[in-house]
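J.: Below is start.txt; it holds compact mmCIF, C-alpha atoms and all ligand atoms.
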# COMPACT_ATOMS: atom_id res chain seq x y z
CA MET A 1171 138.06 94.79 93.21
CA ALA A 1172 139.24 95.20 96.78
CA SER A 1173 137.69 98.08 98.65
CA ARG A 1174 139.84 100.87 100.00
CA ALA A 1175 142.19 99.62 102.67
CA GLU A 1176 141.18 100.85 106.10
CA THR A 1177 144.61 100.79 107.72
CA GLY A 1178 145.13 101.43 111.41
CA ASN A 1179 148.20 103.54 110.74
CA ASP A 1180 148.18 107.04 109.36
CA GLN A 1181 149.38 105.84 105.96
CA ASN A 1182 147.03 104.23 103.45
CA THR A 1183 148.32 101.37 101.34
CA TYR A 1184 149.30 102.75 97.93
CA GLY A 1185 149.00 99.62 95.93
CA LEU A 1186 146.94 99.07 92.82
CA MET A 1187 143.78 98.50 94.74
CA THR A 1188 143.95 101.17 97.42
CA ARG A 1189 145.00 104.79 97.70
CA PRO A 1190 144.57 107.75 100.07
CA ASN A 1191 140.95 108.79 100.68
CA LYS A 1192 141.44 111.66 98.28
CA PRO A 1193 139.87 111.88 94.82
CA PHE A 1194 141.81 111.01 91.70
CA MET A 1195 141.67 114.23 89.65
CA ILE A 1196 141.88 114.17 85.87
CA GLY A 1197 142.01 117.30 83.71
CA ILE A 1198 140.70 117.24 80.13
CA GLY A 1199 141.78 120.13 77.91
CA GLY A 1200 141.18 120.89 74.26
CA GLY A 1201 139.55 123.34 71.89
CA THR A 1202 135.85 124.08 71.79
CA ALA A 1203 133.81 121.12 70.45
CA SER A 1204 136.94 118.91 70.40
CA GLY A 1205 135.12 116.07 72.18
CA LYS A 1206 136.27 116.67 75.78
CA SER A 1207 132.91 115.80 77.34
CA SER A 1208 132.52 112.74 75.10
CA VAL A 1209 135.96 111.42 76.10
CA CYS A 1210 135.06 111.87 79.79
CA ALA A 1211 131.72 110.15 79.32
CA LYS A 1212 133.30 107.24 77.44
CA ILE A 1213 135.90 106.59 80.14
CA ILE A 1214 133.34 106.99 82.95
CA ASP A 1215 130.97 104.63 81.21
CA GLN A 1216 133.66 101.97 81.04
CA LEU A 1217 134.83 102.61 84.61
CA ARG A 1218 131.26 102.24 85.90
CA TYR A 1219 131.14 98.87 84.17
CA LEU A 1220 134.39 97.69 85.71
CA ASP A 1221 134.08 99.10 89.21
CA SER A 1222 132.03 96.72 91.35
CA ASN A 1223 132.47 99.02 94.38
CA GLY A 1224 130.35 101.75 92.77
CA ARG A 1225 132.91 104.48 93.19
CA GLN A 1226 131.50 107.91 92.41
CA VAL A 1227 132.95 109.43 89.22
CA VAL A 1228 131.92 112.97 88.28
CA ILE A 1229 132.55 115.43 85.42
CA ILE A 1230 132.92 119.13 86.18
CA SER A 1231 132.91 121.65 83.33
CA GLN A 1232 135.18 124.66 83.55
CA ASP A 1233 132.26 126.58 82.04
CA ALA A 1234 130.63 126.43 85.48
CA PHE A 1235 133.27 128.98 86.51
CA TYR A 1236 132.55 131.70 83.98
CA ARG A 1237 132.58 134.94 85.96
CA ASP A 1238 129.51 137.14 86.32
CA LEU A 1239 129.19 139.68 83.51
CA ASN A 1240 128.32 143.36 84.00
CA GLU A 1241 125.49 144.87 81.98
CA ASP A 1242 127.73 146.04 79.11
CA GLU A 1243 129.41 142.61 78.89
CA LYS A 1244 126.01 140.89 78.87
CA LYS A 1245 124.92 143.03 75.91
CA LYS A 1246 128.15 142.15 74.08
CA ALA A 1247 127.66 138.46 74.92
CA ILE A 1248 124.16 138.39 73.45
CA LYS A 1249 125.59 139.87 70.22
CA GLY A 1250 128.46 137.32 70.21
CA GLU A 1251 131.01 140.06 70.90
CA PHE A 1252 132.19 138.96 74.36
CA ASN A 1253 135.31 136.78 74.46
CA PHE A 1254 134.34 133.69 76.46
CA ASP A 1255 137.56 132.00 75.33
CA HIS A 1256 139.86 134.44 77.12
CA PRO A 1257 141.25 133.45 80.54
CA ASP A 1258 139.78 136.66 82.00
CA ALA A 1259 136.27 135.32 81.30
CA PHE A 1260 136.69 132.78 84.08
CA ASP A 1261 136.40 133.27 87.87
CA TYR A 1262 139.88 131.84 88.41
CA LYS A 1263 139.91 132.25 92.20
CA ARG A 1264 136.58 130.47 92.65
CA MET A 1265 137.64 127.63 90.37
CA LEU A 1266 140.95 127.22 92.24
CA GLN A 1267 139.24 127.21 95.65
CA THR A 1268 136.64 124.70 94.43
CA MET A 1269 139.38 122.42 93.09
CA LYS A 1270 141.30 122.66 96.38
CA ASP A 1271 138.13 121.82 98.34
CA LEU A 1272 137.50 118.85 96.05
CA ALA A 1273 141.10 117.66 96.45
CA ALA A 1274 140.58 117.85 100.23
CA SER A 1275 137.37 115.78 99.90
CA LYS A 1276 135.18 118.66 101.12
CA PRO A 1277 131.53 118.63 99.95
CA ILE A 1278 130.94 121.47 97.45
CA MET A 1279 128.26 122.95 95.21
CA ILE A 1280 129.16 123.40 91.53
CA PRO A 1281 127.17 126.18 89.82
CA LYS A 1282 125.36 125.42 86.55
CA TYR A 1283 126.11 127.64 83.54
CA ASN A 1284 123.21 128.78 81.30
CA TYR A 1285 124.42 129.34 77.70
CA ILE A 1286 121.20 131.10 76.72
CA SER A 1287 121.25 133.79 79.42
CA CYS A 1288 125.08 133.70 79.82
CA THR A 1289 124.64 133.48 83.59
CA LYS A 1290 125.38 130.98 86.38
CA GLU A 1291 122.69 129.28 88.44
CA GLU A 1292 124.19 128.89 91.94
CA ASN A 1293 121.92 125.99 92.81
CA GLY A 1294 123.85 123.61 90.58
CA VAL A 1295 125.28 120.19 91.42
CA PHE A 1296 126.18 119.16 95.01
CA LEU A 1297 129.23 116.90 95.17
CA GLU A 1298 130.14 114.92 98.28
CA GLN A 1299 133.57 113.27 98.22
CA PRO A 1300 133.61 111.81 94.71
CA ASP A 1301 136.35 109.23 94.09
CA VAL A 1302 137.33 110.27 90.56
CA ILE A 1303 136.83 113.81 89.25
CA PHE A 1304 137.11 114.83 85.60
CA VAL A 1305 137.47 118.57 85.00
CA GLU A 1306 136.99 119.47 81.34
CA GLY A 1307 137.40 122.83 79.65
CA ILE A 1308 139.15 124.86 76.97
CA LEU A 1309 141.53 126.40 79.54
CA THR A 1310 141.72 123.61 82.13
CA PHE A 1311 145.53 123.70 82.05
CA TYR A 1312 146.01 127.44 81.56
CA PHE A 1313 146.22 128.39 85.27
CA LYS A 1314 149.30 126.76 86.87
CA GLU A 1315 147.86 126.42 90.39
CA ILE A 1316 144.84 124.58 88.98
CA ARG A 1317 146.91 122.54 86.52
CA ASP A 1318 149.15 121.33 89.35
CA LEU A 1319 146.18 119.80 91.19
CA PHE A 1320 145.57 117.16 88.53
CA HIS A 1321 146.95 113.63 88.88
CA MET A 1322 146.53 113.12 85.15
CA LYS A 1323 146.10 115.54 82.23
CA LEU A 1324 144.54 114.60 78.88
CA PHE A 1325 144.39 116.93 75.86
CA VAL A 1326 141.82 116.22 73.14
CA ASP A 1327 143.42 117.24 69.84
CA THR A 1328 140.71 117.51 67.15
CA ASP A 1329 141.06 119.29 63.78
CA ALA A 1330 139.82 122.89 63.78
CA ASP A 1331 137.44 122.27 60.85
CA THR A 1332 135.84 119.34 62.64
CA ARG A 1333 135.44 121.44 65.78
CA LEU A 1334 133.91 124.34 63.82
CA ALA A 1335 131.38 122.03 62.14
CA ARG A 1336 130.37 120.58 65.53
CA ARG A 1337 130.20 124.01 67.06
CA VAL A 1338 127.93 125.38 64.35
CA ASN A 1339 125.53 122.50 64.94
CA ARG A 1340 125.72 122.96 68.72
CA ASP A 1341 125.27 126.74 68.73
CA VAL A 1342 122.36 126.62 66.27
CA LEU A 1343 120.68 124.34 68.82
CA ARG A 1344 121.42 127.03 71.44
CA GLY A 1345 119.35 129.43 69.34
CA ARG A 1346 122.12 131.43 67.67
CA ASP A 1347 122.13 132.37 63.99
CA LEU A 1348 124.89 131.21 61.63
CA GLU A 1349 126.31 134.70 61.05
CA HIS A 1350 126.64 135.25 64.82
CA ILE A 1351 128.34 131.86 65.25
CA LEU A 1352 130.85 132.29 62.41
CA ASN A 1353 131.71 135.90 63.30
CA GLN A 1354 132.29 134.91 66.92
CA TYR A 1355 134.40 131.92 65.90
CA THR A 1356 136.65 133.78 63.47
CA SER A 1357 137.06 136.96 65.55
CA LEU A 1358 137.20 135.53 69.07
CA VAL A 1359 137.14 131.74 69.45
CA LYS A 1360 139.83 130.76 66.91
CA PRO A 1361 142.39 133.47 67.90
CA ALA A 1362 141.88 132.67 71.60
CA PHE A 1363 142.32 128.94 70.94
CA GLU A 1364 145.66 129.60 69.24
CA GLU A 1365 146.84 132.08 71.90
CA PHE A 1366 145.59 130.46 75.12
CA CYS A 1367 144.37 126.86 74.61
CA LEU A 1368 146.75 125.26 72.09
CA PRO A 1369 149.89 126.17 74.10
CA THR A 1370 148.53 124.18 77.06
CA LYS A 1371 148.80 120.95 75.03
CA LYS A 1372 152.43 120.68 76.17
CA TYR A 1373 151.24 120.03 79.74
CA ALA A 1374 149.24 116.92 78.78
CA ASP A 1375 150.30 113.43 79.89
CA VAL A 1376 148.28 111.93 77.05
CA ILE A 1377 147.23 113.68 73.82
CA ILE A 1378 144.13 112.14 72.23
CA PRO A 1379 143.81 112.83 68.50
CA ARG A 1380 140.18 112.95 67.27
CA GLY A 1381 138.66 112.75 70.77
CA ALA A 1382 136.03 110.10 71.50
CA ASP A 1383 136.24 108.80 67.90
CA ASN A 1384 139.70 107.56 68.81
CA THR A 1385 139.17 103.97 69.89
CA GLY A 1386 142.90 103.64 70.48
CA ILE A 1387 142.62 105.95 73.54
CA TYR A 1388 142.87 102.96 75.84
CA PHE A 1389 146.02 101.77 74.11
CA CYS A 1390 147.67 105.19 74.68
CA LEU A 1391 146.63 105.12 78.32
CA TYR A 1392 147.77 101.49 78.59
CA SER A 1393 151.29 102.49 77.52
CA PHE A 1394 151.20 105.37 80.02
CA ALA A 1395 149.80 103.03 82.70
CA SER A 1396 152.73 100.66 82.25
CA SER A 1397 154.96 103.47 83.49
CA SER A 1398 152.90 104.75 86.42
CA ILE A 1399 150.79 102.38 88.49
CA SER A 1400 147.65 103.62 90.25
CA PHE A 1401 144.17 102.25 90.68
CA PHE A 1402 142.85 104.42 87.81
CA PHE A 1403 145.33 103.01 85.30
CA PHE A 1404 144.57 99.52 86.60
CA PHE A 1405 140.97 100.14 85.47
CA LEU A 1406 142.10 101.35 82.04
CA LEU A 1407 144.43 98.38 81.73
CA SER A 1408 141.48 96.07 82.50
CA LEU A 1409 139.43 98.07 80.02
CA LEU A 1410 141.99 97.41 77.28
CA PHE A 1411 141.89 93.66 77.89
CA PHE A 1412 138.12 93.79 78.23
CA SER A 1413 137.64 95.62 74.91
CA SER A 1414 140.12 93.38 73.06
CA PHE A 1415 138.36 90.33 74.57
CA LEU A 1416 135.03 91.72 73.28
CA ALA A 1417 136.54 92.46 69.86
CA PHE A 1418 137.75 88.85 69.67
CA TRP A 1419 134.38 87.37 70.56
CA LEU A 1420 132.04 89.76 68.69
N1 LIG B 1 131.55 131.95 72.65
N2 LIG B 1 132.31 131.26 72.87
N3 LIG B 1 133.04 130.42 73.21
C1 LIG B 1 132.88 129.67 74.43
C2 LIG B 1 133.89 128.56 74.47
O1 LIG B 1 134.43 128.29 73.20
C3 LIG B 1 133.12 127.35 74.95
C4 LIG B 1 133.75 126.76 76.17
O2 LIG B 1 133.12 125.57 76.51
O3 LIG B 1 131.80 127.75 75.24
C5 LIG B 1 131.53 128.94 74.52
N4 LIG B 1 130.53 129.75 75.24
C6 LIG B 1 130.74 130.08 76.54
C7 LIG B 1 129.80 130.82 77.22
C8 LIG B 1 128.63 131.22 76.56
O4 LIG B 1 127.75 131.89 77.12
N5 LIG B 1 128.47 130.84 75.27
C9 LIG B 1 129.40 130.11 74.60
O5 LIG B 1 129.24 129.78 73.42
Write the structure described by the file as structure tokens, please.

T.:
Amino acid sequence: MASRAETGNDQNTYGLMTRPNKPFMIGIGGGTASGKSSVCAKIIDQLRYLDSNGRQVVIISQDAFYRDLNEDEKKKAIKGEFNFDHPDAFDYKRMLQTMKDLAASKPIMIPKYNYISCTKEENGVFLEQPDVIFVEGILTFYFKEIRDLFHMKLFVDTDADTRLARRVNRDVLRGRDLEHILNQYTSLVKPAFEEFCLPTKKYADVIIPRGADNTGIYFCLYSFASSSISFFFFFLLSLLFFSSFLAFWL
């Protein structure tokens, strides 16, 4: 794959193989435990295989931008009574500024969220000019100024019962008891999904039913790629041929 064109003029070549020295930003939305992280990982894994230039591809979780809680909110959070699925739970301004810095190829530190203590660790992940950035979260597309920064928006559309089953398994591993998990889901998570997350599906360029279990994801992206050429879709197009080639030979 050709490396980025270093052109003498102030315009980069916008063909398949080159693009401005700005990251390609992809938003992944969807309900809790819908498979957002798995879809990102699956695409990144394939991209890593295809990209001989070793471009840096990173995943950022919107959870890294949960705002700091006061003492009362922390007590509610420990009891499963704080609504982490409401837009107000996020530090919107910090997330927007971080996204703008990323879009401008500025090096930034992404905090790391601790689900046990419900706090952020500032010394998280340092990113320096990644080429492709996935941002995944339940409300990735809720805030317009953030939504407008994405070059591509995917929504992972997984059945609520499947998501609940996954979430129970995941939260038990985070040390929560079943009653806490189910009460929180029915009273906070499910209503917030229907009020704040599900309506953002209309902003998606590609809707992925069943998340990472959906092997046809590349076919959906292939049909989208045929209408808008960019180096990222070129990869997915190659991925489609590569996977069908494998399917033929295996
Ligand atoms: N509770 N709750 N729901 C949110 C949301 O559904 C999901 C977002 O990734 O993470 C969950 N979440 C967030 C912070 C936290 O400390 N614990 C937690 O379970």

J.: Output as CSV one row per residue of region 1193-1273 of chain A within 6 Å of region 1308-1324 of chain A: the closest atom pair and its distance in Å to one decimal place, counting only C-alpha atoms, sorted by chain and residue number ascending.

T.:
residue,atom,partner,partner_atom,distance
A:Met1195,CA,A:Phe1320,CA,5.0
A:Ile1196,CA,A:Met1322,CA,4.8
A:Gly1197,CA,A:Lys1323,CA,4.7
A:Ile1198,CA,A:Leu1324,CA,4.8
A:Gly1199,CA,A:Thr1310,CA,5.5
A:Gly1200,CA,A:Ile1308,CA,5.2
A:Gly1201,CA,A:Ile1308,CA,5.3
A:Leu1266,CA,A:Ile1316,CA,5.7

J.: For Asp1238 (chain A), which residue out of A:Asp1271, A:Pro1277, A:Met1265, A:Thr1289 is the nearest one, using only C-alpha atoms?

T.: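 Nearest to Asp1238 (chain A): A:Thr1289.
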
J.: Using all atoms listed in the file, which residues have at least one atom no more than 8 Å from ligand LIG 1 (chain B)? Output them as a list in words.

T.: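 With all atoms listed in the file and a cut-off of 8 Å, ligand LIG 1 (chain B) is contacted by Gly1201, Thr1202, Ala1203, Ser1231, Gln1232, Asp1233, Tyr1236, Ala1247, Gly1250, Phe1252, Asn1253, Phe1254, Asp1255, Tyr1283, Asn1284, Tyr1285, Ile1286, Ser1287, Cys1288, Thr1289, Gly1307, Ile1308, Asp1341, Gln1354, Tyr1355, Leu1358 and Val1359 of chain A.
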
J.: Quick one: pull the distance between CA of Ala1274 (chain A) and CA of Cys1367 (chain A), Å, one decimal.

T.: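 Going from CA of Ala1274 (chain A) over to CA of Cys1367 (chain A), I get 27.4 Å.
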
J.: With a distance cut-off of 9 Å and all atoms listed in the file, select the neighbouring residues of Val1227 (chain A), excluding the residue or stretch itself and same-chain residues fewer than 2 positions from it, and output the selection as a PyMOL selection string.

T.: chain A and resi 1214+1217-1218+1224-1225+1229+1300-1304

J.: Next, write the just-selected residues to a file, as a compact mmCIF listing (two decimals), keeping the file's coordinate frame, keeping C-alpha atoms as the atom set.

T.:
# COMPACT_ATOMS: atom_id res chain seq x y z
CA ILE A 1214 133.34 106.99 82.95
CA LEU A 1217 134.83 102.61 84.61
CA ARG A 1218 131.26 102.24 85.90
CA GLY A 1224 130.35 101.75 92.77
CA ARG A 1225 132.91 104.48 93.19
CA ILE A 1229 132.55 115.43 85.42
CA PRO A 1300 133.61 111.81 94.71
CA ASP A 1301 136.35 109.23 94.09
CA VAL A 1302 137.33 110.27 90.56
CA ILE A 1303 136.83 113.81 89.25
CA PHE A 1304 137.11 114.83 85.60

J.: Would you mind reading off the distance between CA of Pro1281 (chain A) and CA of Glu1364 (chain A), one decimal, in Å?

T.: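 It comes out at 27.9 Å.
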
J.: Calculated over all atoms listed in the file, which of the candidates A:Glu1251, A:Glu1298, A:Glu1292, A:Glu1365 has the smallest distance to Leu1272 (chain A)?

T.: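 Using all atoms listed in the file, the shortest distance to Leu1272 (chain A) belongs to A:Glu1298.
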
J.: One decimal, in Å: what's the spacing between CA of Phe1194 (chain A) and CA of Ile1378 (chain A)?

T.: 19.6 Å

J.: From the list A:Asn1384, A:Gln1267, A:Gln1226, A:Gln1216, which residue is nearest Val1326 (chain A) when using all atoms listed in the file?

T.: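 Under the stated criterion, the closest residue is A:Asn1384.
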
J.: Given all atoms listed in the file as the basis, pick out the residue of A:Val1342, A:Ala1211, A:Ala1330, A:Leu1297 nearest to Thr1268 (chain A).

T.: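 Among the listed residues, the smallest separation from Thr1268 (chain A) belongs to A:Leu1297.
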
J.: Of the candidates A:His1256, A:Arg1333, A:His1350, A:Lys1282, which shows the shortest atom-to-atom distance to Arg1380 (chain A), using all atoms listed in the file?

T.: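 The closest residue to Arg1380 (chain A) is A:Arg1333.
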
J.: So, counting all atoms listed in the file, which residue among A:Pro1193, A:Gly1205, A:Phe1235, A:Arg1346 is closest to Asp1329 (chain A)?

T.: A:Gly1205

J.: Please, could all heavy atoms be added to region 1236-1247 of chain A and the result written as a JSON list (two decimals), keeping the file's coordinate frame?

T.:
[["chain", "number", "residue", "atom", "x", "y", "z"],
["A", 1236, "TYR", "N", 132.57, 130.41, 84.67],
["A", 1236, "TYR", "CA", 132.55, 131.70, 83.98],
["A", 1236, "TYR", "C", 132.17, 132.77, 85.00],
["A", 1236, "TYR", "O", 131.26, 132.56, 85.81],
["A", 1236, "TYR", "CB", 131.54, 131.69, 82.83],
["A", 1236, "TYR", "CG", 132.14, 131.20, 81.53],
["A", 1236, "TYR", "CD1", 131.65, 130.06, 80.91],
["A", 1236, "TYR", "CD2", 133.19, 131.87, 80.94],
["A", 1236, "TYR", "CE1", 132.20, 129.59, 79.72],
["A", 1236, "TYR", "CE2", 133.75, 131.42, 79.75],
["A", 1236, "TYR", "CZ", 133.26, 130.28, 79.15],
["A", 1236, "TYR", "OH", 133.81, 129.83, 77.98],
["A", 1237, "ARG", "N", 132.87, 133.91, 84.97],
["A", 1237, "ARG", "CA", 132.58, 134.94, 85.96],
["A", 1237, "ARG", "C", 131.29, 135.66, 85.59],
["A", 1237, "ARG", "O", 130.82, 135.58, 84.46],
["A", 1237, "ARG", "CB", 133.74, 135.94, 86.05],
["A", 1237, "ARG", "CG", 133.99, 136.77, 84.79],
["A", 1237, "ARG", "CD", 135.04, 137.85, 85.05],
["A", 1237, "ARG", "NE", 135.46, 138.54, 83.84],
["A", 1237, "ARG", "CZ", 134.73, 139.48, 83.23],
["A", 1237, "ARG", "NH1", 133.53, 139.82, 83.72],
["A", 1237, "ARG", "NH2", 135.18, 140.07, 82.13],
["A", 1238, "ASP", "N", 130.73, 136.36, 86.58],
["A", 1238, "ASP", "CA", 129.51, 137.14, 86.32],
["A", 1238, "ASP", "C", 129.86, 138.31, 85.40],
["A", 1238, "ASP", "O", 130.93, 138.92, 85.53],
["A", 1238, "ASP", "CB", 128.95, 137.67, 87.65],
["A", 1238, "ASP", "CG", 128.51, 136.50, 88.56],
["A", 1238, "ASP", "OD1", 128.13, 135.44, 88.01],
["A", 1238, "ASP", "OD2", 128.62, 136.64, 89.80],
["A", 1239, "LEU", "N", 128.95, 138.59, 84.48],
["A", 1239, "LEU", "CA", 129.19, 139.68, 83.51],
["A", 1239, "LEU", "C", 128.45, 140.94, 83.98],
["A", 1239, "LEU", "O", 127.37, 140.86, 84.57],
["A", 1239, "LEU", "CB", 128.68, 139.28, 82.13],
["A", 1239, "LEU", "CG", 129.25, 137.99, 81.52],
["A", 1239, "LEU", "CD1", 128.68, 137.78, 80.11],
["A", 1239, "LEU", "CD2", 130.77, 138.04, 81.48],
["A", 1240, "ASN", "N", 129.06, 142.12, 83.72],
["A", 1240, "ASN", "CA", 128.32, 143.36, 84.00],
["A", 1240, "ASN", "C", 127.35, 143.61, 82.85],
["A", 1240, "ASN", "O", 127.34, 142.88, 81.86],
["A", 1240, "ASN", "CB", 129.30, 144.54, 84.20],
["A", 1240, "ASN", "CG", 130.14, 144.78, 82.94],
["A", 1240, "ASN", "OD1", 129.63, 144.68, 81.82],
["A", 1240, "ASN", "ND2", 131.42, 145.06, 83.11],
["A", 1241, "GLU", "N", 126.57, 144.63, 82.97],
["A", 1241, "GLU", "CA", 125.49, 144.87, 81.98],
["A", 1241, "GLU", "C", 126.06, 145.05, 80.56],
["A", 1241, "GLU", "O", 125.54, 144.50, 79.60],
["A", 1241, "GLU", "CB", 124.64, 146.06, 82.41],
["A", 1241, "GLU", "CG", 123.72, 145.74, 83.60],
["A", 1241, "GLU", "CD", 122.96, 144.41, 83.42],
["A", 1241, "GLU", "OE1", 122.31, 144.22, 82.37],
["A", 1241, "GLU", "OE2", 123.07, 143.54, 84.32],
["A", 1242, "ASP", "N", 127.13, 145.82, 80.46],
["A", 1242, "ASP", "CA", 127.73, 146.04, 79.11],
["A", 1242, "ASP", "C", 128.23, 144.71, 78.52],
["A", 1242, "ASP", "O", 128.03, 144.42, 77.34],
["A", 1242, "ASP", "CB", 128.90, 147.02, 79.22],
["A", 1242, "ASP", "CG", 128.42, 148.44, 79.42],
["A", 1242, "ASP", "OD1", 127.19, 148.68, 79.15],
["A", 1242, "ASP", "OD2", 129.22, 149.30, 79.83],
["A", 1243, "GLU", "N", 128.87, 143.91, 79.37],
["A", 1243, "GLU", "CA", 129.41, 142.61, 78.89],
["A", 1243, "GLU", "C", 128.26, 141.67, 78.48],
["A", 1243, "GLU", "O", 128.37, 140.93, 77.50],
["A", 1243, "GLU", "CB", 130.27, 141.97, 79.98],
["A", 1243, "GLU", "CG", 131.59, 142.70, 80.22],
["A", 1243, "GLU", "CD", 132.32, 142.19, 81.44],
["A", 1243, "GLU", "OE1", 131.66, 141.73, 82.40],
["A", 1243, "GLU", "OE2", 133.58, 142.25, 81.45],
["A", 1244, "LYS", "N", 127.16, 141.75, 79.22],
["A", 1244, "LYS", "CA", 126.01, 140.89, 78.87],
["A", 1244, "LYS", "C", 125.47, 141.27, 77.48],
["A", 1244, "LYS", "O", 125.17, 140.41, 76.65],
["A", 1244, "LYS", "CB", 124.90, 141.03, 79.91],
["A", 1244, "LYS", "CG", 125.09, 140.14, 81.13],
["A", 1244, "LYS", "CD", 123.92, 140.26, 82.11],
["A", 1244, "LYS", "CE", 124.22, 139.45, 83.38],
["A", 1244, "LYS", "NZ", 123.24, 139.75, 84.46],
["A", 1245, "LYS", "N", 125.40, 142.57, 77.24],
["A", 1245, "LYS", "CA", 124.92, 143.03, 75.91],
["A", 1245, "LYS", "C", 125.86, 142.54, 74.81],
["A", 1245, "LYS", "O", 125.43, 142.07, 73.75],
["A", 1245, "LYS", "CB", 124.83, 144.57, 75.89],
["A", 1245, "LYS", "CG", 123.66, 145.12, 76.71],
["A", 1245, "LYS", "CD", 123.67, 146.63, 76.76],
["A", 1245, "LYS", "CE", 122.59, 147.16, 77.73],
["A", 1245, "LYS", "NZ", 122.89, 148.52, 78.18],
["A", 1246, "LYS", "N", 127.17, 142.63, 75.09],
["A", 1246, "LYS", "CA", 128.15, 142.15, 74.08],
["A", 1246, "LYS", "C", 128.01, 140.64, 73.89],
["A", 1246, "LYS", "O", 128.07, 140.12, 72.77],
["A", 1246, "LYS", "CB", 129.58, 142.48, 74.55],
["A", 1246, "LYS", "CG", 129.95, 143.96, 74.46],
["A", 1246, "LYS", "CD", 131.34, 144.22, 75.04],
["A", 1246, "LYS", "CE", 132.45, 143.77, 74.11],
["A", 1246, "LYS", "NZ", 133.81, 144.15, 74.62],
["A", 1247, "ALA", "N", 127.76, 139.94, 75.00],
["A", 1247, "ALA", "CA", 127.66, 138.46, 74.92],
["A", 1247, "ALA", "C", 126.47, 138.05, 74.05],
["A", 1247, "ALA", "O", 126.59, 137.16, 73.20],
["A", 1247, "ALA", "CB", 127.50, 137.87, 76.32]]
